[in-house]
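Undergrad: Dropping in work-v5.txt, with compact mmCIF, C-alpha atoms and all ligand atoms.
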```
# COMPACT_ATOMS: atom_id res chain seq x y z
CA MET A 1424 31.02 -6.13 23.18
CA THR A 1425 27.45 -6.86 22.02
CA PRO A 1426 27.45 -7.86 18.32
CA THR A 1427 25.53 -5.48 16.00
CA PRO A 1428 22.28 -7.19 14.89
CA PRO A 1429 22.20 -7.99 11.15
CA GLU A 1430 20.49 -5.36 9.00
CA PRO A 1431 16.93 -6.42 8.03
CA ALA A 1432 16.60 -7.93 4.54
CA ASP A 1433 14.22 -5.18 3.36
CA ARG A 1434 16.87 -2.49 4.08
CA VAL A 1435 19.66 -4.47 2.39
CA LEU A 1436 17.61 -5.38 -0.70
CA SER A 1437 16.04 -1.94 -1.11
CA ARG A 1438 19.42 -0.23 -0.96
CA ALA A 1439 20.79 -2.48 -3.73
CA SER A 1440 17.61 -2.08 -5.80
CA LEU A 1441 17.73 1.71 -5.51
CA ALA A 1442 21.44 1.79 -6.38
CA GLU A 1443 20.49 0.03 -9.61
CA GLY A 1444 17.80 2.63 -10.30
CA SER A 1445 14.69 0.61 -9.42
CA PRO A 1446 12.41 1.71 -6.57
CA THR A 1447 10.46 -1.55 -6.65
CA ALA A 1448 12.65 -4.53 -7.75
CA TRP A 1449 13.45 -5.33 -4.13
CA PHE A 1450 9.87 -6.24 -3.30
CA GLU A 1451 9.95 -9.27 -5.59
CA GLN A 1452 13.41 -10.17 -4.29
CA LEU A 1453 12.14 -10.00 -0.70
CA TYR A 1454 9.04 -12.13 -1.38
CA THR A 1455 11.10 -14.78 -3.21
CA ALA A 1456 13.74 -14.80 -0.44
CA ALA A 1457 10.92 -15.22 2.09
CA SER A 1458 9.44 -18.09 0.07
CA ARG A 1459 12.83 -19.84 0.41
CA GLY A 1460 12.80 -19.16 4.17
CA GLU A 1461 15.77 -16.77 3.85
CA ALA A 1462 14.06 -13.52 4.84
CA LYS A 1463 11.03 -12.14 6.64
CA VAL A 1464 8.50 -9.87 4.94
CA PRO A 1465 8.01 -7.34 7.77
CA TRP A 1466 4.50 -6.19 6.82
CA THR A 1467 2.78 -9.58 6.51
CA ARG A 1468 0.33 -10.05 9.38
CA GLY A 1469 -1.90 -12.89 8.20
CA LYS A 1470 -4.96 -10.72 8.88
CA PRO A 1471 -6.54 -7.54 7.51
CA ASN A 1472 -5.46 -4.07 8.54
CA ALA A 1473 -7.31 -3.17 11.77
CA ALA A 1474 -8.18 0.40 10.69
CA LEU A 1475 -9.61 -0.90 7.43
CA ALA A 1476 -11.66 -3.46 9.36
CA ASP A 1477 -12.97 -0.63 11.59
CA TRP A 1478 -13.87 1.46 8.53
CA LEU A 1479 -15.51 -1.41 6.61
CA ARG A 1480 -18.80 -0.61 4.80
CA PRO A 1481 -20.94 -2.88 2.62
CA GLY A 1482 -19.75 -2.86 -0.98
CA GLU A 1483 -23.07 -3.80 -2.62
CA GLY A 1484 -21.20 -4.82 -5.74
CA ARG A 1485 -19.30 -1.56 -6.14
CA ARG A 1486 -15.71 -1.66 -7.41
CA ALA A 1487 -12.75 -1.47 -5.04
CA LEU A 1488 -9.05 -1.26 -5.84
CA VAL A 1489 -6.44 -2.40 -3.31
CA VAL A 1490 -2.99 -0.95 -3.99
CA GLY A 1491 0.05 -3.03 -2.95
CA SER A 1492 -2.13 -5.97 -2.03
CA ALA A 1493 0.73 -8.18 -0.72
CA LEU A 1494 -0.72 -11.54 0.41
CA GLY A 1495 -4.35 -10.46 -0.03
CA ASP A 1496 -5.76 -10.02 3.49
CA ASP A 1497 -7.21 -6.52 2.93
CA ALA A 1498 -8.59 -7.45 -0.50
CA GLU A 1499 -10.34 -10.52 0.95
CA LEU A 1500 -11.84 -8.44 3.78
CA LEU A 1501 -13.39 -6.06 1.24
CA ALA A 1502 -14.61 -8.93 -0.95
CA SER A 1503 -16.28 -10.51 2.11
CA ALA A 1504 -18.19 -7.23 2.58
CA GLY A 1505 -19.56 -7.32 -0.96
CA TRP A 1506 -17.01 -5.21 -2.85
CA ALA A 1507 -16.00 -6.26 -6.38
CA VAL A 1508 -12.27 -6.13 -5.71
CA THR A 1509 -9.27 -5.70 -7.97
CA ALA A 1510 -6.03 -6.01 -6.01
CA PHE A 1511 -2.61 -5.35 -7.46
CA ASP A 1512 0.99 -5.63 -6.49
CA VAL A 1513 4.23 -5.01 -8.37
CA ALA A 1514 5.67 -8.29 -7.04
CA PRO A 1515 4.48 -11.33 -9.05
CA THR A 1516 5.38 -13.69 -6.19
CA ALA A 1517 3.05 -11.79 -3.85
CA VAL A 1518 0.21 -11.89 -6.39
CA GLU A 1519 0.70 -15.62 -6.92
CA ALA A 1520 0.85 -16.21 -3.15
CA ALA A 1521 -2.46 -14.34 -2.67
CA ARG A 1522 -4.12 -16.44 -5.40
CA THR A 1523 -2.78 -19.62 -3.77
CA ARG A 1524 -3.90 -18.58 -0.28
CA PHE A 1525 -7.44 -17.79 -1.48
CA PRO A 1526 -8.18 -20.23 -4.33
CA GLU A 1527 -11.97 -19.62 -4.21
CA SER A 1528 -11.61 -15.85 -4.08
CA SER A 1529 -13.71 -13.43 -6.12
CA VAL A 1530 -10.80 -10.93 -6.02
CA ALA A 1531 -9.00 -10.21 -9.29
CA TYR A 1532 -5.33 -10.32 -8.26
CA VAL A 1533 -3.19 -8.53 -10.83
CA VAL A 1534 0.51 -7.73 -11.26
CA ALA A 1535 0.72 -3.97 -11.94
CA ASP A 1536 2.85 -0.97 -11.04
CA LEU A 1537 1.36 2.07 -9.32
CA LEU A 1538 3.92 4.15 -11.23
CA ASP A 1539 2.55 2.92 -14.57
CA PRO A 1540 -1.00 1.64 -14.01
CA PRO A 1541 -3.43 0.35 -16.66
CA GLY A 1542 -5.23 3.25 -18.34
CA GLU A 1543 -8.65 1.62 -17.89
CA TRP A 1544 -8.35 2.08 -14.12
CA HIS A 1545 -8.69 5.85 -14.50
CA GLN A 1546 -11.62 7.02 -12.29
CA ALA A 1547 -12.90 3.42 -12.31
CA PHE A 1548 -13.14 2.60 -8.58
CA ASP A 1549 -15.69 3.51 -5.91
CA LEU A 1550 -13.19 2.61 -3.20
CA VAL A 1551 -9.41 2.94 -3.42
CA VAL A 1552 -7.29 1.56 -0.55
CA GLU A 1553 -3.67 2.64 -0.17
CA ILE A 1554 -2.04 1.39 3.03
CA ILE A 1555 1.72 1.90 3.55
CA ASN A 1556 2.79 1.30 -0.06
CA ILE A 1557 3.77 4.73 -1.40
CA GLN A 1558 5.93 5.34 1.67
CA ALA A 1559 7.84 2.16 0.75
CA MET A 1560 9.25 3.93 -2.32
CA PRO A 1561 11.73 6.83 -1.97
CA ARG A 1562 10.33 10.36 -2.01
CA ASP A 1563 11.45 10.99 -5.62
CA PHE A 1564 8.60 8.72 -6.75
CA ARG A 1565 5.97 10.14 -4.42
CA ALA A 1566 4.37 12.77 -6.62
CA ALA A 1567 3.91 10.33 -9.52
CA ALA A 1568 2.52 7.63 -7.23
CA ILE A 1569 0.05 10.06 -5.63
CA THR A 1570 -1.14 11.28 -9.02
CA SER A 1571 -1.81 7.67 -10.09
CA LEU A 1572 -3.62 7.00 -6.83
CA ALA A 1573 -5.89 10.03 -7.07
CA GLY A 1574 -6.64 9.13 -10.68
CA PHE A 1575 -8.20 5.76 -9.73
CA LEU A 1576 -11.07 7.33 -7.79
CA ALA A 1577 -14.49 7.47 -9.47
CA PRO A 1578 -16.89 10.38 -8.86
CA GLY A 1579 -18.65 9.92 -5.52
CA GLY A 1580 -16.12 7.31 -4.39
CA THR A 1581 -13.87 7.06 -1.32
CA ALA A 1582 -10.10 6.76 -1.13
CA LEU A 1583 -8.52 5.55 2.12
CA VAL A 1584 -4.87 6.47 2.54
CA SER A 1585 -2.63 5.45 5.44
CA GLU A 1586 1.12 6.11 5.71
CA VAL A 1587 3.68 6.51 8.50
CA ALA A 1588 3.45 10.03 9.98
CA GLU A 1589 6.75 11.89 9.67
CA GLU A 1590 5.88 14.25 12.53
CA ASN A 1591 5.87 11.43 15.10
CA VAL A 1592 8.71 9.10 14.07
CA ALA A 1593 12.45 9.44 14.52
CA PRO A 1594 14.33 10.03 11.25
CA GLU A 1595 15.86 6.78 9.98
CA PRO A 1596 17.10 5.56 6.62
CA GLY A 1597 14.16 4.16 4.64
CA PRO A 1598 12.22 2.10 3.96
CA PRO A 1599 9.80 3.43 5.00
CA TRP A 1600 10.08 7.05 3.93
CA PRO A 1601 7.39 8.70 6.12
CA PHE A 1602 4.82 11.25 4.91
CA SER A 1603 4.23 14.81 6.01
CA ARG A 1604 0.65 16.05 6.45
CA ALA A 1605 1.05 18.15 3.30
CA GLU A 1606 2.04 15.05 1.33
CA ILE A 1607 -1.01 13.14 2.54
CA GLU A 1608 -3.20 16.13 1.70
CA SER A 1609 -1.72 16.25 -1.81
CA VAL A 1610 -3.89 13.25 -2.76
CA ALA A 1611 -6.54 15.97 -3.06
CA GLN A 1612 -5.78 16.88 -6.68
CA GLY A 1613 -7.53 16.82 -10.04
CA GLY A 1614 -11.02 16.99 -8.50
CA VAL A 1615 -10.29 14.78 -5.45
CA ARG A 1616 -10.89 16.44 -2.09
CA LEU A 1617 -9.88 15.68 1.48
CA VAL A 1618 -12.72 14.52 3.76
CA SER A 1619 -10.81 13.68 6.96
CA LEU A 1620 -7.27 13.31 8.24
CA GLU A 1621 -6.41 11.78 11.61
CA THR A 1622 -3.59 9.88 13.24
CA ILE A 1623 -3.88 6.28 14.40
CA HIS A 1624 -1.51 3.86 16.18
CA ASP A 1625 -0.66 6.45 18.87
CA GLY A 1626 0.08 9.08 16.25
CA LEU A 1627 2.47 6.91 14.24
CA ARG A 1628 0.31 6.71 11.10
CA TYR A 1629 -2.03 8.97 9.18
CA TRP A 1630 -5.48 7.74 8.21
CA ALA A 1631 -7.05 9.97 5.58
CA THR A 1632 -10.23 9.75 3.54
CA PHE A 1633 -10.88 11.48 0.24
CA THR A 1634 -13.72 11.72 -2.25
CA ARG A 1635 -14.21 13.06 -5.76
C1 LIG B 1701 5.07 -2.11 2.76
S1 LIG B 1701 4.16 -3.27 1.80
C2 LIG B 1701 2.49 -2.99 2.35
C3 LIG B 1701 1.55 -4.09 1.97
C4 LIG B 1701 0.10 -3.89 2.38
N1 LIG B 1701 -0.51 -2.77 1.70
C5 LIG B 1701 -0.04 -3.74 3.87
O1 LIG B 1701 -0.68 -2.82 4.35
O2 LIG B 1701 0.49 -4.60 4.59
C6 LIG B 1701 4.21 -2.58 0.18
C7 LIG B 1701 3.57 -3.47 -0.86
O3 LIG B 1701 3.36 -2.71 -2.04
C8 LIG B 1701 3.95 -3.34 -3.14
N2 LIG B 1701 4.41 -2.26 -4.00
C9 LIG B 1701 5.46 -1.44 -3.79
N3 LIG B 1701 5.59 -0.55 -4.78
C10 LIG B 1701 4.58 -0.81 -5.64
C11 LIG B 1701 4.18 -0.24 -6.87
N4 LIG B 1701 4.88 0.76 -7.43
N5 LIG B 1701 3.09 -0.75 -7.49
C12 LIG B 1701 2.40 -1.78 -6.94
N6 LIG B 1701 2.75 -2.37 -5.78
C13 LIG B 1701 3.82 -1.89 -5.13
C14 LIG B 1701 5.04 -4.24 -2.58
O4 LIG B 1701 5.36 -5.33 -3.40
C15 LIG B 1701 4.44 -4.66 -1.25
O5 LIG B 1701 3.64 -5.81 -1.37
```
What is this structure when it is put down as structure tokens?
Ligand SMILES: C[S@@+](CC[C@H](N)C(=O)[O-])C[C@H]1O[C@@H](n2cnc3c(N)ncnc32)[C@H](O)[C@@H]1O

TA:
Amino acid sequence: MTPTPPEPADRVLSRASLAEGSPTAWFEQLYTAASRGEAKVPWTRGKPNAALADWLRPGEGRRALVVGSALGDDAELLASAGWAVTAFDVAPTAVEAARTRFPESSVAYVVADLLDPPGEWHQAFDLVVEIINIQAMPRDFRAAAITSLAGFLAPGGTALVSEVAEENVAPEPGPPWPFSRAEIESVAQGGVRLVSLETIHDGLRYWATFTR
């Protein structure tokens, strides 16, 4: 009989974290386990997101916020295009790793929680980038996370939102917990409106743009 492959560390840690009532504690646990060589962080690629690279526009000093910045590749891409970037992650080990990887960076790497963000970020960013972070928390936290996200966008700005598309993936225990189209569209709230919504990666992910 073929042995069952071990469950990935993100599944094991997230289940324990959620059982203890925290949707996010497992991220720090996963990054620290990875730093000891005991786990793999499945989303680290060592390069920026390809769809973000395709979208890239000159920042001309305007303010950008990268949500769930992990090891910093997307934040650095935006900074290289002239955006004044703040990048945050709930996991202190990820924030420290990004600072260490890019010691000369202009990016402000910050530990913060999308579910309880600093008040001064309200409508403060001309570009808001959310790529596969909200889907990494269970659906109970989705509405609050989306409200925070929409709140970051300044008038005239652009929000880019990409999540796994529920309509094209087989149901599996999370993470991730995929999005429906209606959930993606719900970023359009409180004065934010949808500009475009398409699928990328052969239909597996949504790529949506919003403005205020
Ligand atoms: C699935 S990873 C995606 C990372 C990156 N955005 C990418 O595209 O590869 C989710 C990231 O978001 C962070 N994160 C999860 N929940 C968060 C929250 N509530 N606030 C801030 N960061 C969060 C995690 O620590 C992790 O680095």

Undergrad: What separation in Å, quoted to one decimal, exists between atom CA of A:Val1513 and atom CA of A:Ser1603?

TA: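 About the pair atom CA of A:Val1513 and atom CA of A:Ser1603: they are 24.5 Å apart.
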
Undergrad: Measuring atom to atom with all atoms listed in the file, identify which of A:Val1490, A:Leu1583, A:Ile1554, A:Ala1577 is nearest to A:Leu1537.

TA: A:Val1490

Undergrad: If we draw a sphere of 12 Å around (10.9, -15.2, -3.4), which residues have at least one atom in it when counting all atoms listed in the file? Please report them as a ChimeraX atom specification.

TA: /A:1448-1464,1514-1520

Undergrad: I'd like the contact shell of A:Ala1611 - 8 Å cut-off, only C-alpha atoms, skipping same-chain residues fewer than 4 positions apart - returned as JSON, numbers by chain.

TA: {"A": [1573, 1615, 1616, 1617, 1633]}

Undergrad: Could you write out the selected residues, including C-alpha atoms, as a JSON list (two decimals), in the coordinates of the input?

TA:
```
[["chain", "number", "residue", "atom", "x", "y", "z"],
["A", 1573, "ALA", "CA", -5.89, 10.03, -7.07],
["A", 1615, "VAL", "CA", -10.29, 14.78, -5.45],
["A", 1616, "ARG", "CA", -10.89, 16.44, -2.09],
["A", 1617, "LEU", "CA", -9.88, 15.68, 1.48],
["A", 1633, "PHE", "CA", -10.88, 11.48, 0.24]]
```

Undergrad: Between A:Trp1544, A:Phe1575, A:Trp1630, A:Trp1600, which residue has the minimum interatomic distance to A:Pro1561, considering all atoms listed in the file?

TA: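 Nearest candidate to A:Pro1561 out of A:Trp1544, A:Phe1575, A:Trp1630, A:Trp1600: A:Trp1600.
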
Undergrad: Which of these, A:Glu1608, A:Leu1538, A:Gly1614, A:Ala1566, has the shortest distance to A:Pro1446 once you count all atoms listed in the file?

TA: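 Checking each candidate against A:Pro1446, we get A:Leu1538 as the closest.
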
Undergrad: Using only C-alpha atoms for the distances, tell me which of A:Ala1531, A:Ala1567, A:Ala1474, A:Ala1507 is nearest to A:Val1584.

TA: A:Ala1474

Undergrad: For a quick check of understanding, using only C-alpha atoms and all ligand atoms, which of A:Ser1585, A:Thr1447, A:Thr1523, A:Thr1632 has the smallest distance to ligand LIG 1701 (chain B)?

TA: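 For ligand LIG 1701 (chain B), the nearest of the given residues is A:Thr1447.
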
Undergrad: Given only C-alpha atoms and all ligand atoms as the basis, pick out the residue of A:Glu1443, A:Asp1563, A:Glu1586, A:Glu1483 nearest to ligand LIG 1701 (chain B).

TA: A:Glu1586

Undergrad: Quick one: residues within 9 Å of A:Thr1509, all atoms listed in the file counted, chain neighbours fewer than 3 positions away excluded, as a list in words?

TA: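 Near A:Thr1509, the qualifying residues are Arg1486, Ala1487, Leu1488, Val1489, Val1490, Ala1498, Val1530, Ala1531, Tyr1532 and Val1533 of chain A.
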